[in-house]
Amino acid sequence: MQKQGKIALVLGATGLVGGELITQLLNHPNYTAVVALVRRPLDLQHPQLRSEIIDFDQPEATKIKGDDLFSALGTTLRKAGSKDAQYRVDCTYPAQIGLLARQNGVKQYLLVSSMGANADSANFYLRTKGDLEGKIKAMNFEHFVSVRPSLLLGERPEFRLGEVIGGTFLRLLAPFTPRKYKGIAASKVAAALIALANQGGKGVEVVESGELQQYG
């Protein structure tokens, strides 16, 4: 039986998966508090939800305390404006927050990575995600979970034409697409992360997209 009263920390709370994480964590019996690590307060109001305003370039360690850290932080090259800026958001920031969390006794790091993540990849995005996985592994959390979803499905706060087109094609081709390549709903990814955080796992777990389909 899992202990009650855990505190969840959430990075990327305003994004597609992050928003689902906030909603599902607030309704999960194992968590009595959800802390969103954000640049500005969330619009959502809930007695168990707290927004901690973070300067991601100089994060305050005292704000990063809890039991489970969920990271769905990420951006696009177009939005970031450069590869260096995207790397900071997709790798440097979640790694820095992870290190402070580890120093503060956070036991689990649950990460939204990407299908094909590989530190040796020729693809910048996949290499960035692989770099982040490697950095977090080196921190030796009691339990580190990296989920690697295919194209995420759901309604984002901001419009992304490429994902809309890609999601449409994936739905049309779904009957002919191998399970591991199928687009996956953000709600399933969030549900998988929360389930994996409450199954008593230890060490490092990498969960590919096809395995995530069973959740949610």
# chains A, B, ... in the order shown; residues from 1 in each chain; ligands from 1
$ residues_around --residues "Gln213 of chain A" --least-positions-apart "5" --cutoff "10 Å" --atoms "only C-alpha atoms" --output "list of chain:residue names"
A:Pro149, A:Arg179, A:Lys180, A:Lys182, A:Gly183, A:Ile184, A:Ala185, A:Lys188, A:Val189, A:Ala192, A:Glu208
$ residues_around --residues "Asp131 of chain A" --least-positions-apart "4" --cutoff "9 Å" --atoms "only C-alpha atoms" --output "ChimeraX atom specification"
/A:91,117-120,126-127,135-136
$ write_last_selection --atoms "N, CA and C atoms" --output "short mmCIF file (atom, residue, chain, number, x, y, z; two decimals), in the first residue's frame"
data_model
loop_
_atom_site.label_atom_id
_atom_site.label_comp_id
_atom_site.auth_asym_id
_atom_site.auth_seq_id
_atom_site.Cartn_x
_atom_site.Cartn_y
_atom_site.Cartn_z
N CYS A 91 16.84 21.01 -21.77
CA CYS A 91 17.84 20.21 -21.07
C CYS A 91 18.41 20.90 -19.83
N ALA A 117 15.02 9.33 -28.25
CA ALA A 117 16.00 10.11 -27.48
C ALA A 117 17.33 9.37 -27.42
N ASN A 118 18.40 10.08 -27.76
CA ASN A 118 19.72 9.44 -27.83
C ASN A 118 20.79 10.53 -27.82
N ALA A 119 21.66 10.49 -26.84
CA ALA A 119 22.70 11.52 -26.72
C ALA A 119 23.67 11.51 -27.90
N ASP A 120 23.69 10.43 -28.66
CA ASP A 120 24.58 10.33 -29.82
C ASP A 120 23.87 10.57 -31.14
N LEU A 126 16.53 15.09 -30.63
CA LEU A 126 16.68 13.78 -29.98
C LEU A 126 17.97 13.72 -29.17
N ARG A 127 19.00 14.40 -29.65
CA ARG A 127 20.27 14.45 -28.90
C ARG A 127 20.08 15.23 -27.59
N LYS A 135 21.96 13.17 -17.90
CA LYS A 135 22.23 14.03 -16.75
C LYS A 135 21.42 13.59 -15.53
N ILE A 136 20.16 13.24 -15.76
CA ILE A 136 19.31 12.84 -14.63
C ILE A 136 19.74 11.48 -14.09
#
$ closest_residue --among "A:Leu153, A:Val10, A:Leu132, A:Leu73" --to "Leu42 of chain A" --atoms "only C-alpha atoms"
A:Val10
$ atom_distance --atom1 "atom CA of Gly201 of chain A" --atom2 "atom CA of Leu152 of chain A"
25.0 Å
$ select_by_dssp --residues "segment 20-138 of chain A" --states "strand (DSSP E or B)" --output "ChimeraX atom specification"
/A:31-38,49-53,68-71,108-112
$ select_by_dssp --residues "chain A" --states "alpha helix (DSSP H)" --output "number ranges by chain"
A: 16-26, 77-80, 83-87, 93-103, 124-137, 161-173, 186-197, 209-212
$ write_last_selection --atoms "C-alpha atoms" --output "mmCIF file, in the first residue's frame"
data_model
loop_
_atom_site.group_PDB
_atom_site.id
_atom_site.type_symbol
_atom_site.label_atom_id
_atom_site.label_comp_id
_atom_site.auth_asym_id
_atom_site.auth_seq_id
_atom_site.Cartn_x
_atom_site.Cartn_y
_atom_site.Cartn_z
ATOM 1 C CA LEU A 16 0.055 19.824 -22.983
ATOM 2 C CA VAL A 17 1.241 17.012 -20.702
ATOM 3 C CA GLY A 18 1.944 19.351 -17.802
ATOM 4 C CA GLY A 19 -1.647 20.553 -17.728
ATOM 5 C CA GLU A 20 -2.864 16.967 -17.664
ATOM 6 C CA LEU A 21 -0.426 16.191 -14.845
ATOM 7 C CA ILE A 22 -1.780 19.044 -12.736
ATOM 8 C CA THR A 23 -5.393 17.929 -13.240
ATOM 9 C CA GLN A 24 -4.723 14.258 -12.548
ATOM 10 C CA LEU A 25 -2.414 14.846 -9.577
ATOM 11 C CA LEU A 26 -5.008 17.062 -7.903
ATOM 12 C CA LEU A 77 13.035 25.689 -32.014
ATOM 13 C CA ARG A 78 10.664 28.224 -33.545
ATOM 14 C CA LYS A 79 9.398 29.440 -30.195
ATOM 15 C CA ALA A 80 12.836 29.428 -28.538
ATOM 16 C CA LYS A 83 19.175 25.958 -30.722
ATOM 17 C CA ASP A 84 21.008 27.335 -27.692
ATOM 18 C CA ALA A 85 17.777 28.725 -26.269
ATOM 19 C CA GLN A 86 15.903 25.502 -26.936
ATOM 20 C CA TYR A 87 18.656 23.472 -25.283
ATOM 21 C CA TYR A 93 16.609 23.913 -16.876
ATOM 22 C CA PRO A 94 15.090 20.496 -16.087
ATOM 23 C CA ALA A 95 18.557 19.189 -15.213
ATOM 24 C CA GLN A 96 19.280 22.122 -12.860
ATOM 25 C CA ILE A 97 15.911 21.758 -11.153
ATOM 26 C CA GLY A 98 16.509 18.018 -10.881
ATOM 27 C CA LEU A 99 19.863 18.524 -9.163
ATOM 28 C CA LEU A 100 18.366 20.901 -6.592
ATOM 29 C CA ALA A 101 15.450 18.526 -6.039
ATOM 30 C CA ARG A 102 17.859 15.636 -5.472
ATOM 31 C CA GLN A 103 19.839 17.694 -2.972
ATOM 32 C CA PHE A 124 19.471 18.006 -32.441
ATOM 33 C CA TYR A 125 16.136 17.494 -30.674
ATOM 34 C CA LEU A 126 16.684 13.783 -29.982
ATOM 35 C CA ARG A 127 20.266 14.453 -28.897
ATOM 36 C CA THR A 128 19.030 17.115 -26.466
ATOM 37 C CA LYS A 129 16.522 14.717 -24.935
ATOM 38 C CA GLY A 130 19.215 12.041 -24.696
ATOM 39 C CA ASP A 131 21.556 14.499 -22.972
ATOM 40 C CA LEU A 132 18.879 15.257 -20.392
ATOM 41 C CA GLU A 133 18.232 11.594 -19.685
ATOM 42 C CA GLY A 134 21.952 11.069 -19.119
ATOM 43 C CA LYS A 135 22.230 14.031 -16.750
ATOM 44 C CA ILE A 136 19.312 12.843 -14.635
ATOM 45 C CA LYS A 137 20.583 9.254 -14.504
ATOM 46 C CA LEU A 161 0.604 23.689 -37.229
ATOM 47 C CA GLY A 162 3.103 20.857 -37.673
ATOM 48 C CA GLU A 163 1.605 18.867 -34.811
ATOM 49 C CA VAL A 164 -1.943 19.461 -36.024
ATOM 50 C CA ILE A 165 -1.019 18.125 -39.476
ATOM 51 C CA GLY A 166 0.995 15.274 -38.012
ATOM 52 C CA GLY A 167 -1.774 14.329 -35.602
ATOM 53 C CA THR A 168 -4.344 14.290 -38.410
ATOM 54 C CA PHE A 169 -2.229 11.974 -40.529
ATOM 55 C CA LEU A 170 -1.482 9.707 -37.577
ATOM 56 C CA ARG A 171 -5.191 9.313 -36.870
ATOM 57 C CA LEU A 172 -5.889 8.453 -40.512
ATOM 58 C CA LEU A 173 -3.051 5.950 -40.597
ATOM 59 C CA ALA A 186 -1.262 13.597 -23.448
ATOM 60 C CA SER A 187 -3.714 12.330 -20.822
ATOM 61 C CA LYS A 188 -2.307 8.807 -21.215
ATOM 62 C CA VAL A 189 1.247 10.030 -20.830
ATOM 63 C CA ALA A 190 0.322 11.896 -17.646
ATOM 64 C CA ALA A 191 -1.556 8.875 -16.301
ATOM 65 C CA ALA A 192 1.453 6.650 -17.006
ATOM 66 C CA LEU A 193 3.839 8.978 -15.179
ATOM 67 C CA ILE A 194 1.607 9.123 -12.114
ATOM 68 C CA ALA A 195 1.056 5.366 -12.095
ATOM 69 C CA LEU A 196 4.786 4.708 -12.414
ATOM 70 C CA ALA A 197 5.448 7.109 -9.539
ATOM 71 C CA SER A 209 5.499 4.921 -26.448
ATOM 72 C CA GLY A 210 3.848 1.590 -27.204
ATOM 73 C CA GLU A 211 3.920 0.652 -23.514
ATOM 74 C CA LEU A 212 2.276 3.939 -22.564
#
$ closest_residue --among "A:Ser114, A:Asp90, A:Glu155, A:Asn198" --to "Thr76 of chain A" --atoms "only C-alpha atoms"
A:Asp90
$ residues_around --residues "Tyr31 of chain A" --least-positions-apart "6" --cutoff "9 Å" --atoms "only C-alpha atoms" --output "list in words"
Gln4, Gly5, Lys6, Ile7, Ala8, Leu25 and Gln48 of chain A
$ closest_residue --among "A:Leu11, A:Ile64, A:Val89, A:Ala36" --to "Val106 of chain A" --atoms "only C-alpha atoms"
A:Ile64
$ closest_residue --among "A:Ala138, A:Leu9, A:Leu37, A:Val207" --to "Asp67 of chain A" --atoms "only C-alpha atoms"
A:Leu9
$ atom_distance --atom1 "atom CA of Leu69 of chain A" --atom2 "atom CA of His143 of chain A"
10.5 Å
$ atom_distance --atom1 "atom CA of Tyr215 of chain A" --atom2 "atom CA of Arg148 of chain A"
13.8 Å
